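Engineer: Structure supplied as target-v4.pdb; contents: PDB, C-alpha atoms and all ligand atoms.
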ATOM      1  CA  MET T 139     -32.113  -3.016 -35.846  1.00  0.00           C
ATOM      2  CA  ILE T 140     -30.100  -2.892 -32.635  1.00  0.00           C
ATOM      3  CA  ILE T 141     -31.000  -0.193 -30.091  1.00  0.00           C
ATOM      4  CA  ALA T 142     -28.616   0.226 -27.146  1.00  0.00           C
ATOM      5  CA  ILE T 143     -29.772   1.848 -23.911  1.00  0.00           C
ATOM      6  CA  ASP T 144     -27.191   2.390 -21.192  1.00  0.00           C
ATOM      7  CA  GLY T 145     -27.135   4.354 -17.981  1.00  0.00           C
ATOM      8  CA  PRO T 146     -27.096   4.108 -14.194  1.00  0.00           C
ATOM      9  CA  SER T 147     -29.761   2.360 -12.167  1.00  0.00           C
ATOM     10  CA  GLY T 148     -33.094   4.165 -11.860  1.00  0.00           C
ATOM     11  CA  ALA T 149     -32.726   6.363 -14.956  1.00  0.00           C
ATOM     12  CA  GLY T 150     -35.729   4.697 -16.618  1.00  0.00           C
ATOM     13  CA  LYS T 151     -33.898   2.287 -18.932  1.00  0.00           C
ATOM     14  CA  SER T 152     -36.145  -0.722 -18.325  1.00  0.00           C
ATOM     15  CA  THR T 153     -39.467   1.036 -18.639  1.00  0.00           C
ATOM     16  CA  LEU T 154     -38.400   2.957 -21.732  1.00  0.00           C
ATOM     17  CA  GLY T 155     -36.655  -0.044 -23.274  1.00  0.00           C
ATOM     18  CA  LYS T 156     -39.842  -2.072 -22.943  1.00  0.00           C
ATOM     19  CA  MET T 157     -41.944   0.769 -24.389  1.00  0.00           C
ATOM     20  CA  LEU T 158     -39.624   1.080 -27.390  1.00  0.00           C
ATOM     21  CA  ALA T 159     -39.481  -2.682 -27.989  1.00  0.00           C
ATOM     22  CA  LYS T 160     -43.268  -2.844 -27.965  1.00  0.00           C
ATOM     23  CA  LYS T 161     -43.732   0.156 -30.221  1.00  0.00           C
ATOM     24  CA  LEU T 162     -41.154  -1.007 -32.775  1.00  0.00           C
ATOM     25  CA  ASN T 163     -41.942  -4.706 -32.455  1.00  0.00           C
ATOM     26  CA  LEU T 164     -38.407  -5.630 -31.399  1.00  0.00           C
ATOM     27  CA  LEU T 165     -37.109  -8.137 -28.860  1.00  0.00           C
ATOM     28  CA  TYR T 166     -36.323  -6.630 -25.444  1.00  0.00           C
ATOM     29  CA  LEU T 167     -33.236  -7.771 -23.540  1.00  0.00           C
ATOM     30  CA  ASP T 168     -32.673  -6.717 -19.928  1.00  0.00           C
ATOM     31  CA  THR T 169     -28.970  -7.516 -19.517  1.00  0.00           C
ATOM     32  CA  GLY T 170     -28.952  -6.485 -15.839  1.00  0.00           C
ATOM     33  CA  ALA T 171     -31.397  -9.336 -15.195  1.00  0.00           C
ATOM     34  CA  MET T 172     -28.794 -11.739 -16.547  1.00  0.00           C
ATOM     35  CA  TYR T 173     -26.142 -10.522 -14.079  1.00  0.00           C
ATOM     36  CA  ARG T 174     -28.753 -10.714 -11.316  1.00  0.00           C
ATOM     37  CA  ALA T 175     -29.559 -14.325 -12.283  1.00  0.00           C
ATOM     38  CA  VAL T 176     -25.863 -15.272 -12.156  1.00  0.00           C
ATOM     39  CA  ALA T 177     -25.551 -13.633  -8.734  1.00  0.00           C
ATOM     40  CA  LEU T 178     -28.555 -15.615  -7.519  1.00  0.00           C
ATOM     41  CA  ALA T 179     -27.123 -18.866  -8.880  1.00  0.00           C
ATOM     42  CA  VAL T 180     -23.860 -18.146  -7.034  1.00  0.00           C
ATOM     43  CA  SER T 181     -25.671 -17.421  -3.736  1.00  0.00           C
ATOM     44  CA  ARG T 182     -27.796 -20.533  -4.112  1.00  0.00           C
ATOM     45  CA  ALA T 183     -24.670 -22.622  -4.663  1.00  0.00           C
ATOM     46  CA  GLY T 184     -23.269 -21.214  -1.412  1.00  0.00           C
ATOM     47  CA  ILE T 185     -20.189 -19.843  -3.150  1.00  0.00           C
ATOM     48  CA  GLY T 186     -18.486 -16.623  -2.095  1.00  0.00           C
ATOM     49  CA  PHE T 187     -18.257 -13.858  -4.701  1.00  0.00           C
ATOM     50  CA  ASP T 188     -14.499 -13.723  -4.171  1.00  0.00           C
ATOM     51  CA  GLN T 189     -14.105 -17.272  -5.566  1.00  0.00           C
ATOM     52  CA  THR T 190     -13.933 -15.902  -9.084  1.00  0.00           C
ATOM     53  CA  ALA T 191     -13.079 -19.147 -10.899  1.00  0.00           C
ATOM     54  CA  LYS T 192     -16.095 -20.898  -9.353  1.00  0.00           C
ATOM     55  CA  VAL T 193     -18.325 -17.901 -10.017  1.00  0.00           C
ATOM     56  CA  ALA T 194     -17.259 -17.930 -13.683  1.00  0.00           C
ATOM     57  CA  GLU T 195     -17.960 -21.662 -13.877  1.00  0.00           C
ATOM     58  CA  ILE T 196     -21.478 -21.042 -12.600  1.00  0.00           C
ATOM     59  CA  ALA T 197     -21.976 -18.222 -15.126  1.00  0.00           C
ATOM     60  CA  GLU T 198     -20.811 -20.568 -17.892  1.00  0.00           C
ATOM     61  CA  ASN T 199     -23.100 -23.416 -16.885  1.00  0.00           C
ATOM     62  CA  ALA T 200     -26.188 -21.516 -15.757  1.00  0.00           C
ATOM     63  CA  ARG T 201     -29.017 -21.556 -18.250  1.00  0.00           C
ATOM     64  CA  ILE T 202     -30.608 -18.126 -18.286  1.00  0.00           C
ATOM     65  CA  ASP T 203     -33.681 -17.555 -20.455  1.00  0.00           C
ATOM     66  CA  LEU T 204     -35.772 -14.432 -20.813  1.00  0.00           C
ATOM     67  CA  VAL T 205     -39.221 -15.372 -21.990  1.00  0.00           C
ATOM     68  CA  GLY T 206     -42.468 -13.590 -22.783  1.00  0.00           C
ATOM     69  CA  GLU T 207     -43.525 -10.142 -23.882  1.00  0.00           C
ATOM     70  CA  PRO T 208     -41.530  -7.124 -22.596  1.00  0.00           C
ATOM     71  CA  ASP T 209     -44.316  -6.178 -20.151  1.00  0.00           C
ATOM     72  CA  ALA T 210     -44.427  -9.622 -18.598  1.00  0.00           C
ATOM     73  CA  LEU T 211     -40.858 -10.738 -19.112  1.00  0.00           C
ATOM     74  CA  LYS T 212     -39.922 -13.787 -17.051  1.00  0.00           C
ATOM     75  CA  ILE T 213     -36.359 -14.593 -16.051  1.00  0.00           C
ATOM     76  CA  ILE T 214     -35.768 -18.333 -15.942  1.00  0.00           C
ATOM     77  CA  LEU T 215     -32.676 -19.730 -14.235  1.00  0.00           C
ATOM     78  CA  ASP T 216     -32.073 -23.426 -14.870  1.00  0.00           C
ATOM     79  CA  GLY T 217     -35.792 -23.924 -15.435  1.00  0.00           C
ATOM     80  CA  ASP T 218     -36.840 -22.015 -12.314  1.00  0.00           C
ATOM     81  CA  ASP T 219     -38.757 -18.702 -12.570  1.00  0.00           C
ATOM     82  CA  VAL T 220     -36.607 -16.233 -10.602  1.00  0.00           C
ATOM     83  CA  SER T 221     -38.261 -13.027 -11.859  1.00  0.00           C
ATOM     84  CA  VAL T 222     -39.204 -11.965  -8.317  1.00  0.00           C
ATOM     85  CA  ASP T 223     -36.120 -13.294  -6.492  1.00  0.00           C
ATOM     86  CA  ILE T 224     -33.683 -11.276  -8.614  1.00  0.00           C
ATOM     87  CA  ARG T 225     -35.364  -7.952  -7.782  1.00  0.00           C
ATOM     88  CA  THR T 226     -34.341  -7.709  -4.132  1.00  0.00           C
ATOM     89  CA  LEU T 227     -31.839  -5.129  -2.856  1.00  0.00           C
ATOM     90  CA  GLU T 228     -29.427  -7.949  -2.021  1.00  0.00           C
ATOM     91  CA  ALA T 229     -29.651  -9.346  -5.548  1.00  0.00           C
ATOM     92  CA  ALA T 230     -28.937  -5.887  -6.983  1.00  0.00           C
ATOM     93  CA  GLN T 231     -25.815  -5.479  -4.860  1.00  0.00           C
ATOM     94  CA  ALA T 232     -24.717  -9.048  -5.584  1.00  0.00           C
ATOM     95  CA  ALA T 233     -25.187  -8.492  -9.338  1.00  0.00           C
ATOM     96  CA  SER T 234     -23.085  -5.363  -9.154  1.00  0.00           C
ATOM     97  CA  ILE T 235     -20.295  -7.372  -7.473  1.00  0.00           C
ATOM     98  CA  VAL T 236     -20.531 -10.362  -9.841  1.00  0.00           C
ATOM     99  CA  SER T 237     -20.439  -7.995 -12.835  1.00  0.00           C
ATOM    100  CA  THR T 238     -16.944  -6.811 -11.876  1.00  0.00           C
ATOM    101  CA  ILE T 239     -15.532 -10.273 -12.758  1.00  0.00           C
ATOM    102  CA  SER T 240     -14.097 -10.208 -16.307  1.00  0.00           C
ATOM    103  CA  GLU T 241     -14.736 -13.918 -16.975  1.00  0.00           C
ATOM    104  CA  VAL T 242     -18.390 -13.459 -16.089  1.00  0.00           C
ATOM    105  CA  ARG T 243     -18.668 -10.406 -18.344  1.00  0.00           C
ATOM    106  CA  LYS T 244     -17.113 -12.286 -21.267  1.00  0.00           C
ATOM    107  CA  ILE T 245     -19.691 -15.064 -20.970  1.00  0.00           C
ATOM    108  CA  MET T 246     -22.617 -12.652 -20.582  1.00  0.00           C
ATOM    109  CA  VAL T 247     -21.530 -10.425 -23.479  1.00  0.00           C
ATOM    110  CA  GLU T 248     -21.266 -13.438 -25.789  1.00  0.00           C
ATOM    111  CA  HIS T 249     -24.717 -14.618 -24.744  1.00  0.00           C
ATOM    112  CA  GLN T 250     -26.179 -11.125 -25.234  1.00  0.00           C
ATOM    113  CA  ARG T 251     -24.686 -10.783 -28.717  1.00  0.00           C
ATOM    114  CA  GLN T 252     -26.138 -14.131 -29.745  1.00  0.00           C
ATOM    115  CA  ILE T 253     -29.607 -13.214 -28.490  1.00  0.00           C
ATOM    116  CA  GLY T 254     -29.456  -9.762 -30.115  1.00  0.00           C
ATOM    117  CA  MET T 255     -28.241 -11.059 -33.463  1.00  0.00           C
ATOM    118  CA  SER T 256     -30.748 -13.869 -33.667  1.00  0.00           C
ATOM    119  CA  ALA T 257     -33.762 -11.597 -33.085  1.00  0.00           C
ATOM    120  CA  ALA T 258     -35.697 -11.533 -36.361  1.00  0.00           C
ATOM    121  CA  LYS T 259     -36.540  -7.824 -36.488  1.00  0.00           C
ATOM    122  CA  GLY T 260     -33.905  -6.626 -34.063  1.00  0.00           C
ATOM    123  CA  CYS T 261     -33.503  -6.001 -30.384  1.00  0.00           C
ATOM    124  CA  VAL T 262     -33.565  -3.298 -27.711  1.00  0.00           C
ATOM    125  CA  LEU T 263     -30.833  -4.076 -25.182  1.00  0.00           C
ATOM    126  CA  GLU T 264     -30.462  -2.185 -21.937  1.00  0.00           C
ATOM    127  CA  GLY T 265     -27.558  -2.269 -19.514  1.00  0.00           C
ATOM    128  CA  ARG T 266     -24.282  -0.532 -18.753  1.00  0.00           C
ATOM    129  CA  ASP T 267     -21.978  -1.572 -21.617  1.00  0.00           C
ATOM    130  CA  ILE T 268     -24.292  -2.160 -24.574  1.00  0.00           C
ATOM    131  CA  GLY T 269     -23.164   0.756 -26.732  1.00  0.00           C
ATOM    132  CA  SER T 270     -19.527   0.503 -25.674  1.00  0.00           C
ATOM    133  CA  ILE T 271     -18.859  -3.272 -25.642  1.00  0.00           C
ATOM    134  CA  VAL T 272     -21.776  -5.556 -26.522  1.00  0.00           C
ATOM    135  CA  PHE T 273     -22.897  -3.753 -29.693  1.00  0.00           C
ATOM    136  CA  PRO T 274     -20.419  -0.953 -30.449  1.00  0.00           C
ATOM    137  CA  ASN T 275     -21.993  -0.764 -33.932  1.00  0.00           C
ATOM    138  CA  ALA T 276     -25.569  -0.506 -32.650  1.00  0.00           C
ATOM    139  CA  ASP T 277     -27.872   1.385 -34.994  1.00  0.00           C
ATOM    140  CA  ILE T 278     -28.708   3.892 -32.309  1.00  0.00           C
ATOM    141  CA  LYS T 279     -27.365   4.399 -28.789  1.00  0.00           C
ATOM    142  CA  PHE T 280     -29.058   6.138 -25.893  1.00  0.00           C
ATOM    143  CA  PHE T 281     -27.521   6.995 -22.559  1.00  0.00           C
ATOM    144  CA  LEU T 282     -30.215   7.756 -20.010  1.00  0.00           C
ATOM    145  CA  THR T 283     -29.176   9.470 -16.844  1.00  0.00           C
ATOM    146  CA  ALA T 284     -30.694  11.404 -13.945  1.00  0.00           C
ATOM    147  CA  LYS T 285     -29.541  12.969 -10.703  1.00  0.00           C
ATOM    148  CA  PRO T 286     -29.055  10.355  -7.937  1.00  0.00           C
ATOM    149  CA  GLU T 287     -31.812  12.008  -5.881  1.00  0.00           C
ATOM    150  CA  ALA T 288     -34.307  11.703  -8.758  1.00  0.00           C
ATOM    151  CA  ARG T 289     -33.368   8.064  -9.326  1.00  0.00           C
ATOM    152  CA  ALA T 290     -33.592   7.236  -5.633  1.00  0.00           C
ATOM    153  CA  ARG T 291     -37.006   8.940  -5.412  1.00  0.00           C
ATOM    154  CA  ARG T 292     -38.338   6.834  -8.305  1.00  0.00           C
ATOM    155  CA  ARG T 293     -36.861   3.615  -6.968  1.00  0.00           C
ATOM    156  CA  HIS T 294     -38.229   4.309  -3.508  1.00  0.00           C
ATOM    157  CA  THR T 295     -41.753   4.981  -4.841  1.00  0.00           C
ATOM    158  CA  GLU T 296     -41.558   1.802  -6.925  1.00  0.00           C
ATOM    159  CA  ASP T 297     -40.363  -0.224  -3.912  1.00  0.00           C
ATOM    160  CA  GLN T 298     -43.177   1.122  -1.751  1.00  0.00           C
ATOM    161  CA  SER T 299     -45.779   0.264  -4.382  1.00  0.00           C
ATOM    162  CA  LYS T 300     -44.452  -3.299  -4.274  1.00  0.00           C
ATOM    163  CA  GLY T 301     -44.659  -3.395  -0.499  1.00  0.00           C
ATOM    164  CA  ARG T 302     -40.902  -3.324   0.075  1.00  0.00           C
ATOM    165  CA  LEU T 303     -39.953  -1.430   3.193  1.00  0.00           C
ATOM    166  CA  SER T 304     -36.942   0.843   2.928  1.00  0.00           C
ATOM    167  CA  SER T 305     -36.350   4.500   3.627  1.00  0.00           C
ATOM    168  CA  TYR T 306     -35.557   7.045   0.923  1.00  0.00           C
ATOM    169  CA  GLU T 307     -32.137   7.590   2.546  1.00  0.00           C
ATOM    170  CA  GLN T 308     -31.386   3.860   2.385  1.00  0.00           C
ATOM    171  CA  THR T 309     -32.362   3.735  -1.286  1.00  0.00           C
ATOM    172  CA  LEU T 310     -30.210   6.770  -2.079  1.00  0.00           C
ATOM    173  CA  SER T 311     -27.186   5.320  -0.341  1.00  0.00           C
ATOM    174  CA  GLU T 312     -27.694   1.962  -2.083  1.00  0.00           C
ATOM    175  CA  ILE T 313     -27.878   3.720  -5.469  1.00  0.00           C
ATOM    176  CA  ASN T 314     -24.735   5.742  -4.731  1.00  0.00           C
ATOM    177  CA  GLU T 315     -22.847   2.634  -3.671  1.00  0.00           C
ATOM    178  CA  ARG T 316     -23.867   0.715  -6.800  1.00  0.00           C
ATOM    179  CA  ASP T 317     -23.112   3.674  -9.114  1.00  0.00           C
ATOM    180  CA  GLN T 318     -19.675   3.979  -7.576  1.00  0.00           C
ATOM    181  CA  ARG T 319     -18.924   0.298  -8.209  1.00  0.00           C
ATOM    182  CA  ASP T 320     -20.374   0.352 -11.740  1.00  0.00           C
ATOM    183  CA  VAL T 321     -18.326   3.391 -12.859  1.00  0.00           C
ATOM    184  CA  SER T 322     -15.076   2.455 -11.159  1.00  0.00           C
ATOM    185  CA  ARG T 323     -14.702  -1.240 -12.045  1.00  0.00           C
ATOM    186  CA  GLU T 324     -11.772  -2.073 -14.295  1.00  0.00           C
ATOM    187  CA  ASP T 325     -13.592  -4.109 -16.925  1.00  0.00           C
ATOM    188  CA  SER T 326     -16.213  -2.239 -18.976  1.00  0.00           C
ATOM    189  CA  PRO T 327     -17.136   0.464 -16.474  1.00  0.00           C
ATOM    190  CA  LEU T 328     -20.322   2.426 -17.072  1.00  0.00           C
ATOM    191  CA  THR T 329     -19.296   5.014 -19.690  1.00  0.00           C
ATOM    192  CA  ILE T 330     -21.049   7.159 -22.256  1.00  0.00           C
ATOM    193  CA  ALA T 331     -20.232   5.907 -25.776  1.00  0.00           C
ATOM    194  CA  SER T 332     -18.953   8.803 -27.896  1.00  0.00           C
ATOM    195  CA  ASP T 333     -21.838   8.445 -30.346  1.00  0.00           C
ATOM    196  CA  ALA T 334     -24.586   8.004 -27.731  1.00  0.00           C
ATOM    197  CA  ILE T 335     -27.554  10.353 -27.429  1.00  0.00           C
ATOM    198  CA  VAL T 336     -27.589  11.489 -23.806  1.00  0.00           C
ATOM    199  CA  ILE T 337     -30.924  12.261 -22.168  1.00  0.00           C
ATOM    200  CA  ASP T 338     -31.140  13.553 -18.602  1.00  0.00           C
ATOM    201  CA  THR T 339     -34.493  12.303 -17.329  1.00  0.00           C
ATOM    202  CA  SER T 340     -34.396  14.091 -13.924  1.00  0.00           C
ATOM    203  CA  GLU T 341     -37.006  16.664 -14.862  1.00  0.00           C
ATOM    204  CA  LEU T 342     -38.872  14.718 -17.548  1.00  0.00           C
ATOM    205  CA  ASP T 343     -41.763  12.331 -17.305  1.00  0.00           C
ATOM    206  CA  LEU T 344     -41.744   8.984 -19.109  1.00  0.00           C
ATOM    207  CA  THR T 345     -43.834  10.145 -22.047  1.00  0.00           C
ATOM    208  CA  GLU T 346     -41.498  13.064 -22.696  1.00  0.00           C
ATOM    209  CA  VAL T 347     -38.433  10.820 -22.719  1.00  0.00           C
ATOM    210  CA  PHE T 348     -40.213   8.245 -24.889  1.00  0.00           C
ATOM    211  CA  GLU T 349     -41.185  10.919 -27.421  1.00  0.00           C
ATOM    212  CA  GLN T 350     -37.600  12.214 -27.533  1.00  0.00           C
ATOM    213  CA  MET T 351     -36.235   8.713 -28.128  1.00  0.00           C
ATOM    214  CA  LEU T 352     -38.791   7.961 -30.839  1.00  0.00           C
ATOM    215  CA  ALA T 353     -38.016  11.276 -32.550  1.00  0.00           C
ATOM    216  CA  LYS T 354     -34.307  10.422 -32.618  1.00  0.00           C
ATOM    217  CA  ILE T 355     -35.017   6.951 -34.047  1.00  0.00           C
ATOM    218  CA  ASP T 356     -37.367   8.442 -36.618  1.00  0.00           C
ATOM    219  CA  GLU T 357     -34.721  10.996 -37.630  1.00  0.00           C
ATOM    220  CA  LYS T 358     -32.233   8.209 -38.343  1.00  0.00           C
ATOM    221  CA  PHE T 359     -34.610   5.526 -39.592  1.00  0.00           C
ATOM    222  CA  PRO T 360     -37.755   7.184 -40.928  1.00  0.00           C
ATOM    223  CA  THR T 361     -39.495   3.873 -41.663  1.00  0.00           C
ATOM    224  CA  ALA T 362     -38.799   2.131 -38.325  1.00  0.00           C
ATOM    225  CA  GLY T 363     -41.915   3.268 -36.428  1.00  0.00           C
TER     226      GLY T 363
HETATM  227  O1  LIG T 401     -29.736  -2.831 -14.429  1.00  0.00           O
HETATM  228  P1  LIG T 401     -29.677  -3.619 -13.141  1.00  0.00           P
HETATM  229  O2  LIG T 401     -29.827  -2.750 -11.941  1.00  0.00           O
HETATM  230  O3  LIG T 401     -30.642  -4.758 -13.126  1.00  0.00           O
HETATM  231  O4  LIG T 401     -28.192  -4.253 -13.122  1.00  0.00           O
HETATM  232  C1  LIG T 401     -27.696  -4.968 -12.014  1.00  0.00           C
HETATM  233  C2  LIG T 401     -26.167  -4.858 -11.977  1.00  0.00           C
HETATM  234  O5  LIG T 401     -25.608  -5.540 -13.090  1.00  0.00           O
HETATM  235  C3  LIG T 401     -25.634  -3.430 -12.061  1.00  0.00           C
HETATM  236  O6  LIG T 401     -25.281  -2.925 -10.802  1.00  0.00           O
HETATM  237  C4  LIG T 401     -24.424  -3.509 -12.938  1.00  0.00           C
HETATM  238  C5  LIG T 401     -24.526  -4.824 -13.636  1.00  0.00           C
HETATM  239  N1  LIG T 401     -24.684  -4.712 -15.088  1.00  0.00           N
HETATM  240  C6  LIG T 401     -23.540  -4.638 -15.841  1.00  0.00           C
HETATM  241  O7  LIG T 401     -22.436  -4.592 -15.298  1.00  0.00           O
HETATM  242  N2  LIG T 401     -23.625  -4.623 -17.204  1.00  0.00           N
HETATM  243  C7  LIG T 401     -24.811  -4.647 -17.805  1.00  0.00           C
HETATM  244  N3  LIG T 401     -24.867  -4.643 -19.139  1.00  0.00           N
HETATM  245  C8  LIG T 401     -25.999  -4.691 -17.033  1.00  0.00           C
HETATM  246  C9  LIG T 401     -25.906  -4.717 -15.660  1.00  0.00           C
END
Take the structure from the file and write it as structure tokens.
Ligand code: DC
Structural biologist:
Amino acid sequence: MIIAIDGPSGAGKSTLGKMLAKKLNLLYLDTGAMYRAVALAVSRAGIGFDQTAKVAEIAENARIDLVGEPDALKIILDGDDVSVDIRTLEAAQAASIVSTISEVRKIMVEHQRQIGMSAAKGCVLEGRDIGSIVFPNADIKFFLTAKPEARARRRHTEDQSKGRLSSYEQTLSEINERDQRDVSREDSPLTIASDAIVIDTSELDLTEVFEQMLAKIDEKFPTAG
């Protein structure tokens, strides 16, 4: 079974994707982490993001592995654990820039399809283009969204709990900037697939969203859970 979860940053995709993967015993694939790892590889190589041919070459040659259980997923770049390094604000912005390059997207999409298709029981993939490009025939597609203010509030609370210093206003402006780039890029912009189930999580807590998603899966595949 392939479950696609798309939506803007901070809508709860990762947390809910992990919860679903665990509950249904499926592989969990955080595709944003892959773009973040490419961005990190590019920065480490000292290459500018405008050198698209070189960036694509790095994306092609980088070995990106996601290992471990959803709750403790580790992102390995060329043998090096970069799980923490890819979560900075800079890495998020850099990933958003790198993900506008078509060559990079082609390589990532191919990689994501291979991982998804080789998962024994199936896979929960979360990102921006899963239901529209990576798995247009996914068994079920969710599009999670929330008002920018709600997403910035969550992100800011999460950052503070991790000891990262930033103001709410900074977080909101960073989210708005990234959203703008993700919806306006030419190749595979963030869009709602026509057959996606849209859930606005602004006023809902995690359990409520999780229950709604499970109910939708159960409606379509009564034996999955
Ligand atoms: O989900 P995230 O914040 O970790 O994603 C980082 C960036 O990667 C995001 O700004 C857009 C890009 N991305 C993408 O273009 N396509 C995906 N499937 C996942 C992420």
Engineer: Give me, as a tab-separated table, each residue of chain T that comes within 7 Å of ligand LIG 401 (chain T), together with its shortest interatomic pair and the distance in Å at one decimal, counting all atoms listed in the file, with rows ordered by chain and rising residue number.
Structural biologist:
residue	atom	partner	partner_atom	distance
T:Ser147	CA	T:LIG401	O2	5.1
T:Thr169	CA	T:LIG401	C8	4.8
T:Gly170	CA	T:LIG401	C9	3.5
T:Ala171	CA	T:LIG401	O3	5.1
T:Tyr173	CA	T:LIG401	O5	5.1
T:Arg174	CA	T:LIG401	C1	5.9
T:Ala230	CA	T:LIG401	C1	5.3
T:Gln231	CA	T:LIG401	O6	6.5
T:Ala233	CA	T:LIG401	C2	4.6
T:Ser234	CA	T:LIG401	O6	3.7
T:Ser237	CA	T:LIG401	O7	4.7
T:Thr238	CA	T:LIG401	O7	6.8
T:Glu264	CA	T:LIG401	N3	6.7
T:Gly265	CA	T:LIG401	N3	3.6
T:Arg266	CA	T:LIG401	N3	4.2
T:Asp267	CA	T:LIG401	N3	4.9
T:Ile268	CA	T:LIG401	N3	6.0
T:Arg316	CA	T:LIG401	O6	5.6
T:Asp320	CA	T:LIG401	C4	5.7
Engineer: Calculate how many Å separate CA of Ile330 (chain T) from CA of Ser270 (chain T), rounding to one decimal.
Structural biologist: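 The value is 7.6 Å.
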Engineer: Please write as an NGL selection string the list of polymer residues whose atoms come within 12 Å of (-39.4, 9.4, -9.5), counting only C-alpha atoms and keeping to the coordinates of the file.
Structural biologist: :T and (148-150 or 284-298 or 306 or 339-344)
Engineer: Using only C-alpha atoms, determine which residues lie at most 10 Å from Ala257 (chain T), disregarding the query and same-chain residues fewer than 6 positions distant; provide the list as a list in words.
Structural biologist: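 Near neighbours after the sequence-gap exclusion: Met139, Ile140, Leu164, Leu165 and Tyr166 of chain T.
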Engineer: Tell me which of T:Asp325, T:Glu315, T:Asp203, T:Asp333 sits closest to Glu241 (chain T), counting only C-alpha atoms.
Structural biologist: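 Of all the options, T:Asp325 lies closest to Glu241 (chain T).
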Engineer: Counting all atoms listed in the file, which residue out of T:Asn163, T:Thr361, T:Ser332, T:Gln252 sits closest to Glu207 (chain T)?
Structural biologist: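 Using all atoms listed in the file, Glu207 (chain T) sits closest to T:Asn163.
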Engineer: Could you tell me which of T:Ile235, T:Ile278, T:Ala197, T:Leu178 comes closest to Glu248 (chain T) if we count all atoms listed in the file?
Structural biologist: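 Distance minimum relative to Glu248 (chain T) lands on T:Ala197.
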Engineer: Which region 281-311 of chain T residues have any atom within 10 Å of an atom of region 215-229 of chain T, and for each, what is the nearest pair of atoms with distance in Å to one decimal, counting only C-alpha atoms, rows sorted by chain and number, as CSV?
Structural biologist:
residue,atom,partner,partner_atom,distance
T:Asp297,CA,T:Thr226,CA,9.6
T:Arg302,CA,T:Thr226,CA,8.9
T:Ser304,CA,T:Leu227,CA,9.8
T:Thr309,CA,T:Leu227,CA,9.0
Engineer: Rank nothing, just name the residue among T:Val236, T:Ile213, T:Ala331, T:Ser152 nearest to Ala276 (chain T), using only C-alpha atoms.
Structural biologist: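 Of the candidates, the smallest distance to Ala276 (chain T) is held by T:Ala331.
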Engineer: What are the centre and the three edge lengths of an axis-aligned box that wraps all atoms of region 162-179 of chain T in the file, given that 4 Å is added to every side, written as AutoDock Vina command-line options and rounded to one decimal in Å?
Structural biologist:
--center_x -33.7 --center_y -9.9 --center_z -20.1 --size_x 24.4 --size_y 25.9 --size_z 33.3
Engineer: Give me the residues near Val262 (chain T) as a PyMOL selection string, where near means some atom within 12 Å (using only C-alpha atoms) and where sequence neighbours in that chain fewer than 4 positions away do not count.
Structural biologist: chain T and resi 139-144+151-169+208+250-251+253-255+257+268-269+273+276-280
Engineer: Grab the CA of Val176 (chain T) to CA of Lys192 (chain T) distance for me, in Å with one decimal place.
Structural biologist: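 Atom-to-atom, CA of Val176 (chain T) to CA of Lys192 (chain T), that is 11.6 Å.
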Engineer: Can you tell me how far CA of Met351 (chain T) sits from CA of Ile337 (chain T), in Å to one decimal?
Structural biologist: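 Interatomic distance, CA of Met351 (chain T) to CA of Ile337 (chain T): 8.7 Å.
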Engineer: Rank T:Ala362, T:Leu282, T:Cys261, T:Val321 by their smallest atom-to-atom distance to Val336 (chain T), using all atoms listed in the file, and report the top residue only.
Structural biologist: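 Distance minimum relative to Val336 (chain T) lands on T:Leu282.
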Engineer: Which one is closest to Phe187 (chain T): T:Val247, T:Ala232, T:Ala334, T:Leu310? Count all atoms listed in the file.
Structural biologist: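 Nearest to Phe187 (chain T): T:Ala232.
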